[in-house]
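K.L.:
This is upload.cif, which holds mmCIF, C-alpha atoms and all ligand atoms; chains and numbers go by the auth columns:
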data_work
#
loop_
_atom_site.group_PDB
_atom_site.id
_atom_site.type_symbol
_atom_site.label_atom_id
_atom_site.label_comp_id
_atom_site.label_asym_id
_atom_site.label_seq_id
_atom_site.Cartn_x
_atom_site.Cartn_y
_atom_site.Cartn_z
_atom_site.B_iso_or_equiv
_atom_site.auth_seq_id
_atom_site.auth_asym_id
ATOM 1 C CA MET A 1 -3.133 -22.793 13.315 0.00 1 C
ATOM 2 C CA ALA A 2 -6.017 -24.558 11.572 0.00 2 C
ATOM 3 C CA GLU A 3 -5.757 -24.470 7.779 0.00 3 C
ATOM 4 C CA ILE A 4 -8.515 -22.603 5.951 0.00 4 C
ATOM 5 C CA GLY A 5 -10.011 -23.510 2.590 0.00 5 C
ATOM 6 C CA LEU A 6 -8.931 -21.870 -0.665 0.00 6 C
ATOM 7 C CA PHE A 7 -12.225 -20.027 -1.177 0.00 7 C
ATOM 8 C CA GLU A 8 -12.296 -18.761 2.393 0.00 8 C
ATOM 9 C CA ALA A 9 -8.790 -17.386 1.830 0.00 9 C
ATOM 10 C CA ILE A 10 -9.816 -15.726 -1.451 0.00 10 C
ATOM 11 C CA HIS A 11 -12.899 -14.138 0.095 0.00 11 C
ATOM 12 C CA SER A 12 -11.173 -12.814 3.205 0.00 12 C
ATOM 13 C CA GLN A 13 -7.733 -11.804 1.894 0.00 13 C
ATOM 14 C CA ARG A 14 -7.705 -8.035 2.099 0.00 14 C
ATOM 15 C CA ALA A 15 -5.362 -5.110 2.549 0.00 15 C
ATOM 16 C CA ILE A 16 -3.921 -5.295 6.071 0.00 16 C
ATOM 17 C CA ARG A 17 -2.416 -2.015 7.249 0.00 17 C
ATOM 18 C CA ARG A 18 -2.189 -2.547 11.031 0.00 18 C
ATOM 19 C CA TYR A 19 0.368 -5.112 12.141 0.00 19 C
ATOM 20 C CA LYS A 20 1.528 -6.531 15.430 0.00 20 C
ATOM 21 C CA PRO A 21 5.275 -6.088 15.795 0.00 21 C
ATOM 22 C CA ASP A 22 5.668 -9.868 16.454 0.00 22 C
ATOM 23 C CA PRO A 23 8.287 -11.512 14.224 0.00 23 C
ATOM 24 C CA VAL A 24 7.189 -13.906 11.494 0.00 24 C
ATOM 25 C CA PRO A 25 8.843 -17.343 11.829 0.00 25 C
ATOM 26 C CA ASP A 26 11.326 -18.029 9.011 0.00 26 C
ATOM 27 C CA ASP A 27 9.576 -21.262 8.023 0.00 27 C
ATOM 28 C CA LEU A 28 6.352 -19.326 7.376 0.00 28 C
ATOM 29 C CA VAL A 29 8.171 -16.769 5.229 0.00 29 C
ATOM 30 C CA ARG A 30 9.627 -19.725 3.323 0.00 30 C
ATOM 31 C CA ARG A 31 6.171 -21.308 2.851 0.00 31 C
ATOM 32 C CA VAL A 32 4.736 -18.062 1.529 0.00 32 C
ATOM 33 C CA LEU A 33 7.585 -17.739 -0.976 0.00 33 C
ATOM 34 C CA ASP A 34 7.269 -21.393 -1.939 0.00 34 C
ATOM 35 C CA ALA A 35 3.622 -20.704 -2.835 0.00 35 C
ATOM 36 C CA ALA A 36 4.634 -17.585 -4.787 0.00 36 C
ATOM 37 C CA ILE A 37 7.062 -19.493 -7.022 0.00 37 C
ATOM 38 C CA ARG A 38 4.305 -21.956 -8.029 0.00 38 C
ATOM 39 C CA ALA A 39 2.760 -19.216 -10.190 0.00 39 C
ATOM 40 C CA PRO A 40 2.738 -19.453 -13.978 0.00 40 C
ATOM 41 C CA SER A 41 5.034 -17.216 -16.022 0.00 41 C
ATOM 42 C CA ALA A 42 5.483 -16.589 -19.731 0.00 42 C
ATOM 43 C CA ILE A 43 7.426 -19.554 -21.207 0.00 43 C
ATOM 44 C CA ASN A 44 8.093 -20.575 -17.601 0.00 44 C
ATOM 45 C CA VAL A 45 10.922 -18.072 -17.334 0.00 45 C
ATOM 46 C CA GLN A 46 10.112 -17.466 -13.641 0.00 46 C
ATOM 47 C CA PRO A 47 11.360 -13.879 -13.733 0.00 47 C
ATOM 48 C CA TRP A 48 10.520 -13.157 -10.085 0.00 48 C
ATOM 49 C CA ARG A 49 13.060 -12.371 -7.407 0.00 49 C
ATOM 50 C CA PHE A 50 12.114 -11.725 -3.785 0.00 50 C
ATOM 51 C CA ILE A 51 14.091 -9.682 -1.293 0.00 51 C
ATOM 52 C CA VAL A 52 13.068 -10.393 2.298 0.00 52 C
ATOM 53 C CA VAL A 53 13.963 -7.515 4.597 0.00 53 C
ATOM 54 C CA LYS A 54 13.921 -8.147 8.363 0.00 54 C
ATOM 55 C CA ASP A 55 16.879 -6.045 9.488 0.00 55 C
ATOM 56 C CA SER A 56 15.523 -3.307 11.756 0.00 56 C
ATOM 57 C CA ALA A 57 17.760 -0.493 10.440 0.00 57 C
ATOM 58 C CA ALA A 58 16.845 -1.330 6.836 0.00 58 C
ATOM 59 C CA ARG A 59 13.146 -1.532 7.739 0.00 59 C
ATOM 60 C CA ARG A 60 13.341 1.859 9.390 0.00 60 C
ATOM 61 C CA ARG A 61 14.869 3.397 6.249 0.00 61 C
ATOM 62 C CA ILE A 62 12.228 1.762 4.064 0.00 62 C
ATOM 63 C CA ALA A 63 9.449 3.000 6.353 0.00 63 C
ATOM 64 C CA ASP A 64 10.936 6.520 6.197 0.00 64 C
ATOM 65 C CA PHE A 65 10.945 6.385 2.378 0.00 65 C
ATOM 66 C CA TYR A 66 7.336 5.213 2.388 0.00 66 C
ATOM 67 C CA HIS A 67 6.331 7.973 4.803 0.00 67 C
ATOM 68 C CA THR A 68 8.141 10.613 2.717 0.00 68 C
ATOM 69 C CA ALA A 69 6.498 9.357 -0.470 0.00 69 C
ATOM 70 C CA TRP A 70 3.080 9.609 1.182 0.00 70 C
ATOM 71 C CA LYS A 71 3.793 13.145 2.418 0.00 71 C
ATOM 72 C CA ALA A 72 4.867 14.169 -1.106 0.00 72 C
ATOM 73 C CA GLY A 73 1.447 13.010 -2.303 0.00 73 C
ATOM 74 C CA GLN A 74 -0.234 15.052 0.415 0.00 74 C
ATOM 75 C CA ASP A 75 1.644 18.138 -0.789 0.00 75 C
ATOM 76 C CA ASN A 76 0.725 17.540 -4.434 0.00 76 C
ATOM 77 C CA PRO A 77 -2.595 19.207 -5.422 0.00 77 C
ATOM 78 C CA GLN A 78 -3.187 16.675 -8.231 0.00 78 C
ATOM 79 C CA THR A 79 -2.804 13.695 -5.876 0.00 79 C
ATOM 80 C CA GLN A 80 -4.967 15.468 -3.312 0.00 80 C
ATOM 81 C CA ALA A 81 -7.721 16.001 -5.875 0.00 81 C
ATOM 82 C CA ILE A 82 -7.637 12.308 -6.842 0.00 82 C
ATOM 83 C CA LEU A 83 -7.697 11.163 -3.208 0.00 83 C
ATOM 84 C CA LYS A 84 -10.775 13.319 -2.539 0.00 84 C
ATOM 85 C CA THR A 85 -12.697 11.237 -5.088 0.00 85 C
ATOM 86 C CA ARG A 86 -11.720 7.926 -3.433 0.00 86 C
ATOM 87 C CA ASP A 87 -13.278 5.937 -0.585 0.00 87 C
ATOM 88 C CA GLN A 88 -12.295 8.021 2.453 0.00 88 C
ATOM 89 C CA SER A 89 -12.073 5.028 4.800 0.00 89 C
ATOM 90 C CA ILE A 90 -9.340 3.562 2.554 0.00 90 C
ATOM 91 C CA VAL A 91 -7.567 6.931 2.362 0.00 91 C
ATOM 92 C CA SER A 92 -7.660 7.215 6.136 0.00 92 C
ATOM 93 C CA HIS A 93 -6.302 3.662 6.654 0.00 93 C
ATOM 94 C CA ALA A 94 -3.611 4.243 4.053 0.00 94 C
ATOM 95 C CA THR A 95 -2.633 7.500 5.791 0.00 95 C
ATOM 96 C CA GLN A 96 -2.438 5.805 9.180 0.00 96 C
ATOM 97 C CA PHE A 97 -0.313 3.062 7.610 0.00 97 C
ATOM 98 C CA ALA A 98 2.070 5.470 5.872 0.00 98 C
ATOM 99 C CA THR A 99 2.586 7.628 8.925 0.00 99 C
ATOM 100 C CA GLN A 100 2.598 5.012 11.723 0.00 100 C
ATOM 101 C CA GLY A 101 1.680 1.430 10.818 0.00 101 C
ATOM 102 C CA ILE A 102 4.560 0.951 8.395 0.00 102 C
ATOM 103 C CA TYR A 103 7.016 1.344 11.283 0.00 103 C
ATOM 104 C CA GLN A 104 5.567 -1.767 12.977 0.00 104 C
ATOM 105 C CA VAL A 105 5.840 -4.149 10.025 0.00 105 C
ATOM 106 C CA PRO A 106 8.223 -7.026 10.886 0.00 106 C
ATOM 107 C CA VAL A 107 8.983 -8.158 7.311 0.00 107 C
ATOM 108 C CA PHE A 108 9.033 -6.386 3.974 0.00 108 C
ATOM 109 C CA ILE A 109 9.083 -8.499 0.831 0.00 109 C
ATOM 110 C CA PHE A 110 10.210 -6.668 -2.285 0.00 110 C
ATOM 111 C CA VAL A 111 9.095 -8.405 -5.443 0.00 111 C
ATOM 112 C CA CYS A 112 11.351 -7.799 -8.426 0.00 112 C
ATOM 113 C CA ALA A 113 11.361 -8.761 -12.094 0.00 113 C
ATOM 114 C CA THR A 114 14.548 -9.785 -13.860 0.00 114 C
ATOM 115 C CA GLN A 115 13.313 -8.072 -17.045 0.00 115 C
ATOM 116 C CA SER A 116 11.425 -4.819 -17.413 0.00 116 C
ATOM 117 C CA ASP A 117 8.640 -6.519 -19.450 0.00 117 C
ATOM 118 C CA ALA A 118 8.085 -9.334 -16.946 0.00 118 C
ATOM 119 C CA ALA A 119 5.740 -7.603 -14.492 0.00 119 C
ATOM 120 C CA ASP A 120 2.720 -9.622 -15.774 0.00 120 C
ATOM 121 C CA SER A 121 4.317 -12.879 -14.669 0.00 121 C
ATOM 122 C CA VAL A 122 5.580 -11.445 -11.406 0.00 122 C
ATOM 123 C CA LEU A 123 2.102 -10.254 -10.416 0.00 123 C
ATOM 124 C CA GLN A 124 0.809 -13.826 -10.609 0.00 124 C
ATOM 125 C CA ALA A 125 3.413 -14.806 -8.034 0.00 125 C
ATOM 126 C CA VAL A 126 2.388 -11.878 -5.814 0.00 126 C
ATOM 127 C CA GLN A 127 -1.234 -13.022 -5.735 0.00 127 C
ATOM 128 C CA ASN A 128 -0.115 -16.530 -4.740 0.00 128 C
ATOM 129 C CA LEU A 129 2.082 -15.017 -2.048 0.00 129 C
ATOM 130 C CA MET A 130 -0.735 -12.932 -0.599 0.00 130 C
ATOM 131 C CA LEU A 131 -3.219 -15.810 -0.587 0.00 131 C
ATOM 132 C CA ALA A 132 -0.702 -18.168 1.010 0.00 132 C
ATOM 133 C CA ALA A 133 -0.022 -15.564 3.684 0.00 133 C
ATOM 134 C CA ARG A 134 -3.758 -15.314 4.360 0.00 134 C
ATOM 135 C CA GLY A 135 -3.923 -19.096 4.644 0.00 135 C
ATOM 136 C CA LEU A 136 -1.224 -18.964 7.326 0.00 136 C
ATOM 137 C CA GLY A 137 -2.942 -16.157 9.268 0.00 137 C
ATOM 138 C CA LEU A 138 -0.505 -13.529 8.007 0.00 138 C
ATOM 139 C CA GLY A 139 -1.506 -10.143 6.638 0.00 139 C
ATOM 140 C CA THR A 140 -0.198 -8.400 3.525 0.00 140 C
ATOM 141 C CA VAL A 141 -1.007 -5.378 1.400 0.00 141 C
ATOM 142 C CA PHE A 142 0.058 -4.785 -2.184 0.00 142 C
ATOM 143 C CA THR A 143 2.002 -1.499 -2.309 0.00 143 C
ATOM 144 C CA THR A 144 3.579 0.498 -5.092 0.00 144 C
ATOM 145 C CA LEU A 145 4.122 3.816 -3.312 0.00 145 C
ATOM 146 C CA LEU A 146 7.867 3.200 -2.969 0.00 146 C
ATOM 147 C CA ARG A 147 8.245 3.585 -6.730 0.00 147 C
ATOM 148 C CA ARG A 148 8.664 7.265 -5.901 0.00 148 C
ATOM 149 C CA HIS A 149 11.937 6.278 -4.232 0.00 149 C
ATOM 150 C CA ASP A 150 12.979 3.668 -6.760 0.00 150 C
ATOM 151 C CA ALA A 151 16.609 4.806 -7.013 0.00 151 C
ATOM 152 C CA GLU A 152 17.105 4.798 -3.235 0.00 152 C
ATOM 153 C CA ILE A 153 15.385 1.423 -2.803 0.00 153 C
ATOM 154 C CA ARG A 154 17.425 -0.151 -5.607 0.00 154 C
ATOM 155 C CA LYS A 155 20.610 1.095 -3.980 0.00 155 C
ATOM 156 C CA LEU A 156 19.584 -0.069 -0.509 0.00 156 C
ATOM 157 C CA LEU A 157 18.724 -3.562 -1.772 0.00 157 C
ATOM 158 C CA SER A 158 21.481 -3.875 -4.405 0.00 158 C
ATOM 159 C CA VAL A 159 18.990 -4.486 -7.205 0.00 159 C
ATOM 160 C CA PRO A 160 21.054 -5.002 -10.384 0.00 160 C
ATOM 161 C CA GLU A 161 20.627 -2.939 -13.528 0.00 161 C
ATOM 162 C CA GLY A 162 18.045 -4.424 -15.903 0.00 162 C
ATOM 163 C CA SER A 163 15.897 -5.729 -13.044 0.00 163 C
ATOM 164 C CA GLU A 164 12.840 -3.877 -11.726 0.00 164 C
ATOM 165 C CA VAL A 165 11.273 -3.515 -8.316 0.00 165 C
ATOM 166 C CA VAL A 166 7.589 -4.255 -9.024 0.00 166 C
ATOM 167 C CA CYS A 167 6.029 -3.874 -5.579 0.00 167 C
ATOM 168 C CA MET A 168 6.620 -4.161 -1.863 0.00 168 C
ATOM 169 C CA ILE A 169 4.532 -6.480 0.288 0.00 169 C
ATOM 170 C CA PRO A 170 4.530 -5.962 4.061 0.00 170 C
ATOM 171 C CA LEU A 171 4.113 -9.283 5.903 0.00 171 C
ATOM 172 C CA GLY A 172 3.078 -9.739 9.521 0.00 172 C
ATOM 173 C CA TYR A 173 0.367 -10.712 11.969 0.00 173 C
ATOM 174 C CA PRO A 174 -2.669 -8.434 11.603 0.00 174 C
ATOM 175 C CA GLU A 175 -3.712 -6.358 14.581 0.00 175 C
ATOM 176 C CA THR A 176 -7.314 -6.569 13.412 0.00 176 C
ATOM 177 C CA GLY A 177 -9.097 -9.277 11.433 0.00 177 C
ATOM 178 C CA PHE A 178 -9.193 -10.250 7.778 0.00 178 C
ATOM 179 C CA GLY A 179 -12.028 -9.639 5.237 0.00 179 C
ATOM 180 C CA PRO A 180 -14.713 -9.779 4.039 0.00 180 C
ATOM 181 C CA THR A 181 -13.743 -7.736 1.002 0.00 181 C
ATOM 182 C CA ARG A 182 -16.094 -5.207 -0.567 0.00 182 C
ATOM 183 C CA ARG A 183 -16.338 -5.789 -4.303 0.00 183 C
ATOM 184 C CA ARG A 184 -18.812 -5.103 -7.070 0.00 184 C
ATOM 185 C CA PRO A 185 -20.869 -8.246 -7.745 0.00 185 C
ATOM 186 C CA VAL A 186 -20.149 -10.535 -10.698 0.00 186 C
ATOM 187 C CA GLU A 187 -23.361 -9.336 -12.440 0.00 187 C
ATOM 188 C CA GLU A 188 -21.865 -5.849 -12.738 0.00 188 C
ATOM 189 C CA VAL A 189 -18.487 -6.847 -14.137 0.00 189 C
ATOM 190 C CA ALA A 190 -19.049 -9.989 -16.217 0.00 190 C
ATOM 191 C CA PHE A 191 -20.924 -10.204 -19.526 0.00 191 C
ATOM 192 C CA ALA A 192 -22.243 -12.973 -21.736 0.00 192 C
ATOM 193 C CA GLU A 193 -20.694 -13.196 -25.213 0.00 193 C
ATOM 194 C CA ARG A 194 -20.276 -9.444 -25.632 0.00 194 C
ATOM 195 C CA TRP A 195 -19.749 -6.356 -23.485 0.00 195 C
ATOM 196 C CA GLY A 196 -22.974 -5.186 -21.883 0.00 196 C
ATOM 197 C CA THR A 197 -25.031 -8.379 -22.252 0.00 197 C
ATOM 198 C CA PRO A 198 -26.006 -9.571 -18.759 0.00 198 C
ATOM 199 C CA LEU A 199 -24.583 -12.935 -17.718 0.00 199 C
ATOM 200 C CA ARG A 200 -27.438 -15.146 -16.486 0.00 200 C
HETATM 201 C C1 LIG B . -1.666 -1.872 -8.136 0.00 301 J
HETATM 202 C C2 LIG B . -1.974 -1.642 -6.679 0.00 301 J
HETATM 203 C C3 LIG B . -1.236 -0.698 -5.976 0.00 301 J
HETATM 204 C C4 LIG B . -1.493 -0.474 -4.612 0.00 301 J
HETATM 205 N N1 LIG B . -0.690 0.401 -3.915 0.00 301 J
HETATM 206 C C5 LIG B . -0.923 0.579 -2.585 0.00 301 J
HETATM 207 C C6 LIG B . -0.043 1.394 -1.809 0.00 301 J
HETATM 208 O O1 LIG B . 0.974 1.915 -2.296 0.00 301 J
HETATM 209 N N2 LIG B . -0.322 1.565 -0.500 0.00 301 J
HETATM 210 C C7 LIG B . -1.409 0.968 0.103 0.00 301 J
HETATM 211 O O2 LIG B . -1.619 1.168 1.310 0.00 301 J
HETATM 212 N N3 LIG B . -2.244 0.152 -0.601 0.00 301 J
HETATM 213 C C8 LIG B . -2.012 -0.057 -1.911 0.00 301 J
HETATM 214 N N4 LIG B . -2.813 -0.918 -2.621 0.00 301 J
HETATM 215 C C9 LIG B . -3.898 -1.668 -1.917 0.00 301 J
HETATM 216 C C10 LIG B . -5.294 -1.221 -2.360 0.00 301 J
HETATM 217 O O3 LIG B . -5.579 0.053 -1.847 0.00 301 J
HETATM 218 C C11 LIG B . -6.297 -2.264 -1.821 0.00 301 J
HETATM 219 O O4 LIG B . -5.974 -3.520 -2.343 0.00 301 J
HETATM 220 C C12 LIG B . -7.723 -1.916 -2.215 0.00 301 J
HETATM 221 O O5 LIG B . -8.117 -0.714 -1.608 0.00 301 J
HETATM 222 C C13 LIG B . -8.698 -3.017 -1.803 0.00 301 J
HETATM 223 O O6 LIG B . -8.615 -3.190 -0.415 0.00 301 J
HETATM 224 P P1 LIG B . -9.168 -4.508 0.283 0.00 301 J
HETATM 225 O O7 LIG B . -8.418 -5.639 -0.303 0.00 301 J
HETATM 226 O O8 LIG B . -8.892 -4.310 1.760 0.00 301 J
HETATM 227 O O9 LIG B . -10.600 -4.613 -0.014 0.00 301 J
HETATM 228 C C14 LIG B . -2.529 -1.187 -3.961 0.00 301 J
HETATM 229 C C15 LIG B . -3.244 -2.171 -4.680 0.00 301 J
HETATM 230 C C16 LIG B . -2.948 -2.416 -6.015 0.00 301 J
HETATM 231 C C17 LIG B . -3.691 -3.527 -6.727 0.00 301 J
#
Could you quickly redo this structure as structure tokens?
P.N.:
Amino acid sequence: MAEIGLFEAIHSQRAIRRYKPDPVPDDLVRRVLDAAIRAPSAINVQPWRFIVVKDSAARRRIADFYHTAWKAGQDNPQTQAILKTRDQSIVSHATQFATQGIYQVPVFIFVCATQSDAADSVLQAVQNLMLAARGLGLGTVFTTLLRRHDAEIRKLLSVPEGSEVVCMIPLGYPETGFGPTRRRPVEEVAFAERWGTPLR
């Protein structure tokens, strides 16, 4: 696969929620993780730990937890009210993913922190991971929904006490294409010198 430039990767890396069931070669998983561990961390502690799940029975259990967590949200009036105010195309993709797409994902990467206050550092590694995946033609989506099943996930993955599961990143070949992403322009979110002064 032809390499793409850094800025092309940044501009087209987006949430992928439809995956081909094709396996991801181990050397590509390794390259993605090797990019993740290049991230900065406070005092270079490198508090990230990655659990790569490929086993089909484990993936099925994880997908079931994800599906159950999504359904719990559907049954919760507060969550429902919040979802009604969100972009309905995202809600519909996320629903399709939680009910069907998640069962097709060939690799789940759980990103953990060795200390409960280390999530800031770990998130830097996650962004590297997702961009590297994009560079290799692999899709990802940042997910936190499994926090609703934290105890079960910790048990399944033997996560030791004191460490935290920060997020779960599905990894696989996208069924559809990448970006472009839809974002508010820089003019709306960046200021000059003080909040509210337009940046020229
Ligand atoms: C903190 C955080 C939590 C997220 N949790 C989930 C999740 O549990 N499930 C999911 O499908 N997407 C999740 N997302 C993905 C966002 O919905 C997605 O990045 C956003 O809608 C932008 O989509 P785009 O990159 O395709 O433009 C999460 C993203 C972030 C940053």
K.L.:
Give me the residues within 9 Å of C:Arg18 as a tab-separated table (two decimals) with C-alpha atoms, in the frame of the given file, counting all atoms listed in the file and dropping any in the same chain fewer than 5 places off.
P.N.:
chain	number	residue	atom	x	y	z
C	93	HIS	CA	-6.30	3.66	6.65
C	96	GLN	CA	-2.44	5.80	9.18
C	97	PHE	CA	-0.31	3.06	7.61
C	100	GLN	CA	2.60	5.01	11.72
C	101	GLY	CA	1.68	1.43	10.82
C	102	ILE	CA	4.56	0.95	8.40
C	104	GLN	CA	5.57	-1.77	12.98
C	105	VAL	CA	5.84	-4.15	10.02
C	139	GLY	CA	-1.51	-10.14	6.64
C	173	TYR	CA	0.37	-10.71	11.97
C	174	PRO	CA	-2.67	-8.43	11.60
C	175	GLU	CA	-3.71	-6.36	14.58
C	176	THR	CA	-7.31	-6.57	13.41
K.L.:
On this structure, the PyMOL selection byres (((chain C and resi 34-48) around 9) and not hetatm) would catch which residues? List them as a VMD selection string, sorted by chain and number.
P.N.:
chain C and resid 29 to 33 49 to 50 111 to 115 118 to 132
K.L.:
Take the residues from that selection and write them out as a PDB file, keeping the file's coordinate frame, keeping C-alpha atoms.
P.N.:
ATOM      1  CA  VAL C  29       8.171 -16.769   5.229  1.00  0.00           C
ATOM      2  CA  ARG C  30       9.627 -19.725   3.323  1.00  0.00           C
ATOM      3  CA  ARG C  31       6.171 -21.308   2.851  1.00  0.00           C
ATOM      4  CA  VAL C  32       4.736 -18.062   1.529  1.00  0.00           C
ATOM      5  CA  LEU C  33       7.585 -17.739  -0.976  1.00  0.00           C
ATOM      6  CA  ARG C  49      13.060 -12.371  -7.407  1.00  0.00           C
ATOM      7  CA  PHE C  50      12.114 -11.725  -3.785  1.00  0.00           C
ATOM      8  CA  VAL C 111       9.095  -8.405  -5.443  1.00  0.00           C
ATOM      9  CA  CYS C 112      11.351  -7.799  -8.426  1.00  0.00           C
ATOM     10  CA  ALA C 113      11.361  -8.761 -12.094  1.00  0.00           C
ATOM     11  CA  THR C 114      14.548  -9.785 -13.860  1.00  0.00           C
ATOM     12  CA  GLN C 115      13.313  -8.072 -17.045  1.00  0.00           C
ATOM     13  CA  ALA C 118       8.085  -9.334 -16.946  1.00  0.00           C
ATOM     14  CA  ALA C 119       5.740  -7.603 -14.492  1.00  0.00           C
ATOM     15  CA  ASP C 120       2.720  -9.622 -15.774  1.00  0.00           C
ATOM     16  CA  SER C 121       4.317 -12.879 -14.669  1.00  0.00           C
ATOM     17  CA  VAL C 122       5.580 -11.445 -11.406  1.00  0.00           C
ATOM     18  CA  LEU C 123       2.102 -10.254 -10.416  1.00  0.00           C
ATOM     19  CA  GLN C 124       0.809 -13.826 -10.609  1.00  0.00           C
ATOM     20  CA  ALA C 125       3.413 -14.806  -8.034  1.00  0.00           C
ATOM     21  CA  VAL C 126       2.388 -11.878  -5.814  1.00  0.00           C
ATOM     22  CA  GLN C 127      -1.234 -13.022  -5.735  1.00  0.00           C
ATOM     23  CA  ASN C 128      -0.115 -16.530  -4.740  1.00  0.00           C
ATOM     24  CA  LEU C 129       2.082 -15.017  -2.048  1.00  0.00           C
ATOM     25  CA  MET C 130      -0.735 -12.932  -0.599  1.00  0.00           C
ATOM     26  CA  LEU C 131      -3.219 -15.810  -0.587  1.00  0.00           C
ATOM     27  CA  ALA C 132      -0.702 -18.168   1.010  1.00  0.00           C
TER      28      ALA C 132
END
K.L.:
Nearest residue to C:Ile10 out of C:Ala133, C:Leu28, C:Ala192, C:Ile82, using only C-alpha atoms?
P.N.:
C:Ala133
K.L.:
Taking only C-alpha atoms and all ligand atoms into account, list the residues no farther than 10 Å from ligand LIG 301 (chain J), as an NGL selection string.
P.N.:
:C and (11-17 or 66 or 69-70 or 86-87 or 89-98 or 102 or 123 or 127 or 140-147 or 166-170 or 178-183)
K.L.:
Report, in Å with one decimal, the straight-line distance from atom CA of C:Ala58 to atom CA of C:Ile153.
P.N.:
10.1 Å
K.L.:
Report the centre and edge lengths, in Å to one decimal, of an axis-aligned box enclosing every atom of stretch 175-191 of chain C listed in the file, padded by 6 Å on each side, as AutoDock Vina command-line options.
P.N.:
--center_x -13.5 --center_y -7.8 --center_z -2.5 --size_x 31.6 --size_y 17.4 --size_z 46.1
K.L.:
What does the distance between atom CA of C:Asp22 and atom CA of C:Arg148 come to in Å, to one decimal place?
P.N.:
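Atom-to-atom, atom CA of C:Asp22 and atom CA of C:Arg148 are spaced 28.3 Å apart.
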K.L.:
Interatomic distance between atom CA of C:Ala151 and atom CA of C:Leu171?
P.N.:
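Value for the atom CA of C:Ala151-atom CA of C:Leu171 distance: 22.8 Å.
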K.L.:
Using all atoms listed in the file, which of the listed residues (C:Gln80, C:Phe65, C:Gly73, C:Leu138) sits closest to C:Tyr103?
P.N.:
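Smallest separation from C:Tyr103 among the options: C:Phe65.
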K.L.:
Given only C-alpha atoms as the basis, pick out the residue of C:Trp195, C:Val52, C:Asp117, C:Glu187 nearest to C:Ser163.
P.N.:
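For C:Ser163, the nearest of the given residues is C:Asp117.
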K.L.:
Under the rule that all atoms listed in the file are counted, which of C:Ala81, C:Ile4, C:Ala72, C:Val107 is the nearest residue to C:Asp26?
P.N.:
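Closest to C:Asp26, using all atoms listed in the file: C:Val107.
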